[in-house]
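Novice: Here it is, the structure in full.
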Number of protein chains: 2
Amino acid sequence: MATGEAEAGTAYRPPTVDVEALRLLLDGKYRDVRDLVRADLAEHAAVLDEAETMSQTEFRERVKDLVVAMSETGQTGLGFPEEYGGGGDLGASVAAFETLAYGDLSVLVKVGVQFGLFGGAVLMLGTKRHHDAYLADVVGGRLLGCFAMTETGHGSNVQALETTATYDAATDEFVLTTPHDAARKDYIGSAAVHAHAAVVFAQLEVAGESHGVHAFVVSIRADGGLVPGVRVEDDGLKMGLNGVDNGRLWFDGVRIPRDNLLNRFADVTGDGRYESAIENPDKRFFTMLGTLVQGRVSVGGAGINAAKVALTLAVRYGVRRRQFNATSDDEEELLLDYGLHQRRLLPLLAENYALHFAQEVVSRRLHEVFSTEGDEDDKARRELESRAAGTKALGTWHATRTIQECREACGGAGYLAVNRFSALKADTDVFTTFEGDNHVLLQLVAKGLLTDYASDFEDLDQLGMVRFVAGQALETVIERTAAHQLLERIKDVLPGGDDEWDQEAGLLDSDYQLAMLRFREEHTLSGVARRLKRGIDEGLNPGEVFSRAQDHVIAAARAHVERLVLEAFVDKVATVPEGDLRTSLALLCDLYALSTIERDRAWFMEHGRLTSARSKAITREVNDNCRKIRPIAVDLVDAYGVPPALLRSPDLL
Amino acid sequence: MATGEAEAGTAYRPPTVDVEALRLLLDGKYRDVRDLVRADLAEHAAVLDEAETMSQTEFRERVKDLVVAMSETGQTGLGFPEEYGGGGDLGASVAAFETLAYGDLSVLVKVGVQFGLFGGAVLMLGTKRHHDAYLADVVGGRLLGCFAMTETGHGSNVQALETTATYDAATDEFVLTTPHDAARKDYIGSAAVHAHAAVVFAQLEVAGESHGVHAFVVSIRADGGLVPGVRVEDDGLKMGLNGVDNGRLWFDGVRIPRDNLLNRFADVTGDGRYESAIENPDKRFFTMLGTLVQGRVSVGGAGINAAKVALTLAVRYGVRRRQFNATSDDEEELLLDYGLHQRRLLPLLAENYALHFAQEVVSRRLHEVFSTEGDEDDKARRELESRAAGTKALGTWHATRTIQECREACGGAGYLAVNRFSALKADTDVFTTFEGDNHVLLQLVAKGLLTDYASDFEDLDQLGMVRFVAGQALETVIERTAAHQLLERIKDVLPGGDDEWDQEAGLLDSDYQLAMLRFREEHTLSGVARRLKRGIDEGLNPGEVFSRAQDHVIAAARAHVERLVLEAFVDKVATVPEGDLRTSLALLCDLYALSTIERDRAWFMEHGRLTSARSKAITREVNDNCRKIRPIAVDLVDAYGVPPALLRSPDLL
């Protein structure tokens, strides 16, 4: 078999993949939860057809009914305390959510709105009185809610929201107001039709003083109609996710009891005093936001899992579809035996595995941080937030790119709705935007790195960050970054000294691969610090300094996250006993590492870490690796365990 | 104004753009045709809404009615001879089609099916008897047809189609048969509902001998029903273009008169003899296909123009939307004043301009080649086919990437259907696949380069190409490529010798930029030739040799087309008199050239044509160029002249 030979004339024996064992490895600790969701999705697979055949109105109802029905199985409430009918296991909750991404994504997002955003805000920002009042009904699907944060005028910059909540001491109420049209809440899932309650984010004003953005539980529908003072407009048809009823909300002097302030981090007393244990208003705001990190973890995982559906279809089509005579005059060649086709799909497959294991780490950290009651380790929380932001950005971009490439790899057939790509593309498109625009998230990551998650890190907007960095010694900024410390360590592992470590190491040595990514991270990060300082020293406006360094800021953040992803993959491979399973994963891990270095090989050459010859050798190694993975590619996608009923695609499989 | 300063402290005066003058320059020779289509699209702008509100069935009717109505204005028949009601101007026909891409793309594709594919096949492959019988009704929209080439099992490899047309001498008829399900015609636009006739491509068999694929006019619907023996199945819902009724066709012994063979290149006599002036069956087949090149030219232009709509929206949103305080504490920053936002959008804008002018060249060549009756310059035709294939591939990938980036640059608002991106994304997605899968097209380009459009070039499948190249002296292959000759010439222009020419030249010197792209083209092409020869010398199977060199094959083709695109842009700039208009275009041309080099700077470093320092300088220059273009960005998109009624997007503009 031609493609089974990694080098001409050299026999290559591909590893034998135990698909079930690999699936269990991927499923990890929460394999039972994932199987429960798989079974449920397969049972309701008809919803994939209904998304195409029903009207928007009908489909919204269908999705809502499904979400309510699922809430009764318990799989949507795993993250809530058991006393309210939940499962008391945040990690399980993320695993369930991720697996939902194999099915219809309106269902996934509707679940996310109800249990992650709305329920999550009540749980994380509220106190016992709110939990007692709402959580059992939220978990049971009896109280449907929405999460009214984004406004038409402010999405990324949440701190600048313009809706106001003014305390009226005379009635002991808050008065919610939308001051102008750009301050209407927008794109709010479940707001157009289904939500009876909303968690509304608004600028709190008490006795004429503004205290920044706080969250309130607001009843928006009752007795079959809207609550007086609430105006709703339907966002109408969207590119995808049309089973979710997104809408706009205006508040015209809507009054709510004082108790409806979600008061875990701040409160207003009956006599009109504002109280908070966190004095700094910026820190308070970002502490509140930080508790909602689960949303980003969930969306990142959803993107990674949606991409698995696309990869399953494209890889399996690639070993079925033949086109053109290539190696034989009698039979046309299988698509996946073409070098280019391998190049198009297999590095994405490797990246998907890498992101899967990186996501596993994020999800575990989330579980740990939020299960450690009372122990408020600020730095651990900020590192989690940064890691969640970065993994969400890479995971959702991966989804967009992978689904697109897989669609093209299935040709015209990929364009028919029955073959899944249509919905996958349209539904996941907004993942790169919601729960934080990916570029803004990577800036957040860079900010954390540049300030070493300093205690006042959260106070800093872009201007603040530039000033902060500019105000410190360059060495301080650089030396305390984690990347720098890791780089120091790697020099003990690899043979060469400062200038030599990268010259002789084997390309398939994961210490070498990690050292390359660590070097890039440390270097891009210190480069950003240098640019920011130099700009300020030259007397430029800090905003202009930031704007000019912005592509480097993003590159540094991406370098950091890619290093974390590779580490997660390398660590995982190390846990697997010697054998074919480990060999298979190691091939994927090498492919991820080398194709990541290859993609940025220009940078490595510019910075003296790759010679031309070595750079070309990496490209050869990537090709070789693709040929080695080709014989096991189908097993690798089968191990994702996407239920056949969810693949549809009668003409592809 | 901070962004108006290309270098800190240096005053930069952006050129003043005369938007109307620039629009006329872009519109070129066929400005009146383009204005006619613009006016018509604006008049029927409601179809953009109807695409969302109507059922699939209703919308198909609406689009069909619109296409018929447009045929009455003459704008869809410009490419047909005047004697049949056409305009007798192929260039005008392409210009009209390209402009349709500003509007609903189902309308565009339905027009393409009727007048480009169906009518075009009758015109190009038929003779006077077919023209007299059909063309007036085709042009007038009275006879709707479809183009039944692709089968479920064969799309890219058209030569291997399996539908048969067997001559029955007893009745003087051809008998059409679909031998098995994979040979059904598939994805055929207008087949599901509207087409009464089809041009069917089938293997011609006469007296037990096969003569390869030929085209036949087949009546498929009559008297309100299907013609006996024809079976139709609806392709159902697609990702986009749902105003076009794609379907599948099976033929079960369908009989058609002998006259229905489109016999320009081959005929069957009444006594059952096969005749053709072109003896070689491969050459005959590719000559037939070559006459249909207009389809590829049209789709490439449509992609480029659809991207203009997305760029118009994203750039204009970028100067309206503010987010985060950056340069000022009082006012948030405009998106387009962020360096990264400029980086995301402006190189795509420059690429769009470059492709526009490259498309203008392809369209002109098309017009010239097909207007030169009788003068059968084979090489000119093949060069046109290659150029059309390459420009189609780059133009449609540009569309996919640009529309995606523009959507993301508009955030959540970009996800609402009313803001155009939804339809733009879904409708254009298949452009990279239809009229030839882009990768297959680039292989075609590479084949032409490697064989210097040899007279037997068309005979060659992948195996044949490998054998052809392997059978020649390497020097012969390399030296006769156009790229090599161009490279020789450039050395006279730039100061340095063989090893030095790239060291001292200014980055903004277009001779330098062109020389870089020519060097890359020549080098990648000779690299491919070398690999192919070496593989064969080592005794590998030619298919395996091809598979392993395939990524280089594609890279060489891309390098070639990008060089053609840059040349087209440089040539156009040279025609514009000194002044602000020329300055504006030169900025864009530099940005296209430098960002193209930057994207592949790893390759240039690997091949000794960029030092690290110079590579970094190119990145700086790209950033600088973006800052210089920023103040005129809105003018540059306004010059596209997309009618406001077609932009919709009340919340973006």
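Chain labels run A, B, ... following the order of the structure tokens; each chain numbers its residues from 1, and ligands are numbered from 1 in the order shown.
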Report the closest atom pair, with its distance in Å rounded to one decimal, for each residue of chain A that has an atom no farther than 6 Å from chain B; count only C-alpha atoms, sort by chain and then rising residue number, and write it as a Markdown table.

Specialist:
```
| residue | atom | partner | partner_atom | distance |
| --- | --- | --- | --- | --- |
| A:Asn157 | CA | B:Phe324 | CA | 5.9 |
| A:Leu237 | CA | B:Ala417 | CA | 5.4 |
| A:Lys238 | CA | B:Leu416 | CA | 4.4 |
| A:Met239 | CA | B:Ser422 | CA | 4.6 |
| A:Phe324 | CA | B:Asn157 | CA | 5.8 |
| A:Ala326 | CA | B:Gly543 | CA | 4.3 |
| A:Thr327 | CA | B:Gly543 | CA | 4.0 |
| A:Tyr338 | CA | B:Ser547 | CA | 5.0 |
| A:Gly339 | CA | B:Ser547 | CA | 4.6 |
| A:Leu340 | CA | B:Asp551 | CA | 5.5 |
| A:Gly411 | CA | B:Thr433 | CA | 5.9 |
| A:Tyr415 | CA | B:Met239 | CA | 5.6 |
| A:Leu416 | CA | B:Lys238 | CA | 4.3 |
| A:Ala417 | CA | B:Lys238 | CA | 4.6 |
| A:Ser422 | CA | B:Met239 | CA | 4.6 |
| A:Thr433 | CA | B:Gly411 | CA | 5.9 |
| A:Leu463 | CA | B:Ala326 | CA | 5.9 |
| A:Gly543 | CA | B:Thr327 | CA | 4.0 |
| A:Ser547 | CA | B:Gly339 | CA | 4.6 |
| A:Arg548 | CA | B:Gly339 | CA | 5.4 |
| A:Gln550 | CA | B:Leu340 | CA | 5.7 |
| A:Asp551 | CA | B:Leu340 | CA | 5.5 |
| A:Ala602 | CA | B:Ala602 | CA | 4.1 |
| A:Glu606 | CA | B:Ser612 | CA | 4.4 |
| A:Ser612 | CA | B:Glu606 | CA | 4.4 |
```

Novice: Residues of the last selection are to be written out with C-alpha atoms, as a short mmCIF file (atom, residue, chain, number, x, y, z; two decimals), in the first residue's frame.

Specialist:
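Heads up, here's the output in result_16.cif:
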```
data_model
loop_
_atom_site.label_atom_id
_atom_site.label_comp_id
_atom_site.auth_asym_id
_atom_site.auth_seq_id
_atom_site.Cartn_x
_atom_site.Cartn_y
_atom_site.Cartn_z
CA ASN A 157 -16.53 46.66 26.46
CA LEU A 237 -33.50 35.66 11.22
CA LYS A 238 -29.86 34.94 11.91
CA MET A 239 -27.15 33.20 9.93
CA PHE A 324 -8.94 10.59 -11.12
CA ALA A 326 -3.43 8.37 -10.05
CA THR A 327 -1.60 5.25 -9.01
CA TYR A 338 -3.59 12.28 -2.26
CA GLY A 339 -0.80 14.10 -0.43
CA LEU A 340 -2.63 17.39 -0.60
CA GLY A 411 -17.01 19.05 -2.76
CA TYR A 415 -23.07 21.94 0.10
CA LEU A 416 -26.32 19.98 0.55
CA ALA A 417 -28.02 20.63 3.87
CA SER A 422 -24.59 23.80 6.20
CA THR A 433 -17.75 36.37 18.65
CA LEU A 463 -4.52 52.39 28.32
CA GLY A 543 -3.56 54.37 22.72
CA SER A 547 -2.64 50.24 18.33
CA ARG A 548 0.79 49.89 16.75
CA GLN A 550 -1.55 45.27 18.72
CA ASP A 551 -0.59 42.61 16.18
CA ALA A 602 9.00 32.57 9.18
CA GLU A 606 13.55 35.74 11.61
CA SER A 612 16.51 27.27 6.06
#
```

Novice: Using backbone DSSP assignments, extract all alpha helix (DSSP H) residues from region 390-551 of chain B; output them as a PyMOL selection string.

Specialist: chain B and resi 390-409+421-428+438-450+462-470+474-479+482-493+501-504+510-537+542-551

Novice: Taking into account only C-alpha atoms, which residue in the set B:Ile304, B:Met124, B:Ala314, B:Leu345 is nearest to Thr391 (chain B)?

Specialist: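 Among B:Ile304, B:Met124, B:Ala314, B:Leu345, it is B:Ile304 that comes nearest to Thr391 (chain B).
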
Novice: Tell me which protein, DNA and RNA residues are within 9 Å of region 507-516 of chain A, counting only C-alpha atoms, leaving out same-chain ones fewer than 3 positions away, and put them as a PDB file with C-alpha atoms, in the first residue's frame.

Specialist:
```
ATOM      1  CA  LEU A 486       9.910  27.665  31.450  1.00  0.00           C
ATOM      2  CA  LEU A 487      12.501  28.623  28.912  1.00  0.00           C
ATOM      3  CA  ILE A 490      14.256  23.776  29.016  1.00  0.00           C
ATOM      4  CA  LYS A 491      17.881  24.692  28.580  1.00  0.00           C
ATOM      5  CA  VAL A 493      16.896  19.425  29.115  1.00  0.00           C
ATOM      6  CA  LEU A 494      18.181  20.029  25.621  1.00  0.00           C
ATOM      7  CA  TRP A 501      19.877  24.074  21.911  1.00  0.00           C
ATOM      8  CA  ASP A 502      17.798  24.103  18.796  1.00  0.00           C
ATOM      9  CA  GLU A 504      20.909  19.351  17.030  1.00  0.00           C
ATOM     10  CA  PHE A 519      11.089  30.449  23.124  1.00  0.00           C
ATOM     11  CA  ARG A 520       8.561  32.038  20.804  1.00  0.00           C
ATOM     12  CA  GLU A 521       6.256  32.890  23.676  1.00  0.00           C
ATOM     13  CA  ARG A 563       2.310  26.408  24.128  1.00  0.00           C
ATOM     14  CA  LEU A 566       1.034  21.466  23.204  1.00  0.00           C
ATOM     15  CA  GLU A 567       1.924  20.925  26.846  1.00  0.00           C
ATOM     16  CA  VAL A 570       2.468  16.049  25.529  1.00  0.00           C
ATOM     17  CA  CYS A 589       1.099  15.140  18.873  1.00  0.00           C
ATOM     18  CA  ASP A 590       4.147  15.431  16.619  1.00  0.00           C
ATOM     19  CA  ALA A 593       3.680  20.446  17.189  1.00  0.00           C
ATOM     20  CA  LEU A 594       5.437  20.458  13.848  1.00  0.00           C
ATOM     21  CA  ILE A 597       6.031  25.432  14.161  1.00  0.00           C
ATOM     22  CA  PHE A 604      11.473  31.252  13.880  1.00  0.00           C
ATOM     23  CA  ARG A 609      15.796  29.613  15.713  1.00  0.00           C
ATOM     24  CA  ARG A 614      15.870  22.812   9.219  1.00  0.00           C
ATOM     25  CA  ALA A 617      13.070  19.496   7.102  1.00  0.00           C
ATOM     26  CA  ILE A 618      10.080  20.354   9.266  1.00  0.00           C
ATOM     27  CA  GLU A 621       8.459  15.769   8.481  1.00  0.00           C
TER      28      GLU A 621
END
```

Novice: Name the closest residue to Met70 (chain A) among the candidates A:Val227, A:Gly141, A:Phe97, A:Val122; distances are taken between atoms, counting only C-alpha atoms.

Specialist: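 Looking only at the distances to Met70 (chain A), the closest residue turns out to be A:Gly141.
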
Novice: Taking only C-alpha atoms into account, name the residue in A:Leu334, A:Ala639, A:Ile536, A:Ala399 that is nearest to Thr428 (chain A).

Specialist: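 Checking each of A:Leu334, A:Ala639, A:Ile536, A:Ala399 against Thr428 (chain A), counting only C-alpha atoms, the winner is A:Ala399.
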
Novice: Check the smallest atom-to-atom distance from each of A:Gly641, A:Glu209, A:Gln443, A:Leu346 to Val37 (chain A) using only C-alpha atoms, then report the winner.

Specialist: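 Among the listed residues, the smallest separation from Val37 (chain A) belongs to A:Gly641.
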
Novice: Restricting the calculation to only C-alpha atoms: of A:Arg258, A:Arg518, A:Lys308, A:His130, which residue gets closest to Leu176 (chain A)?

Specialist: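 For Leu176 (chain A), the nearest of the candidates is A:Arg258.
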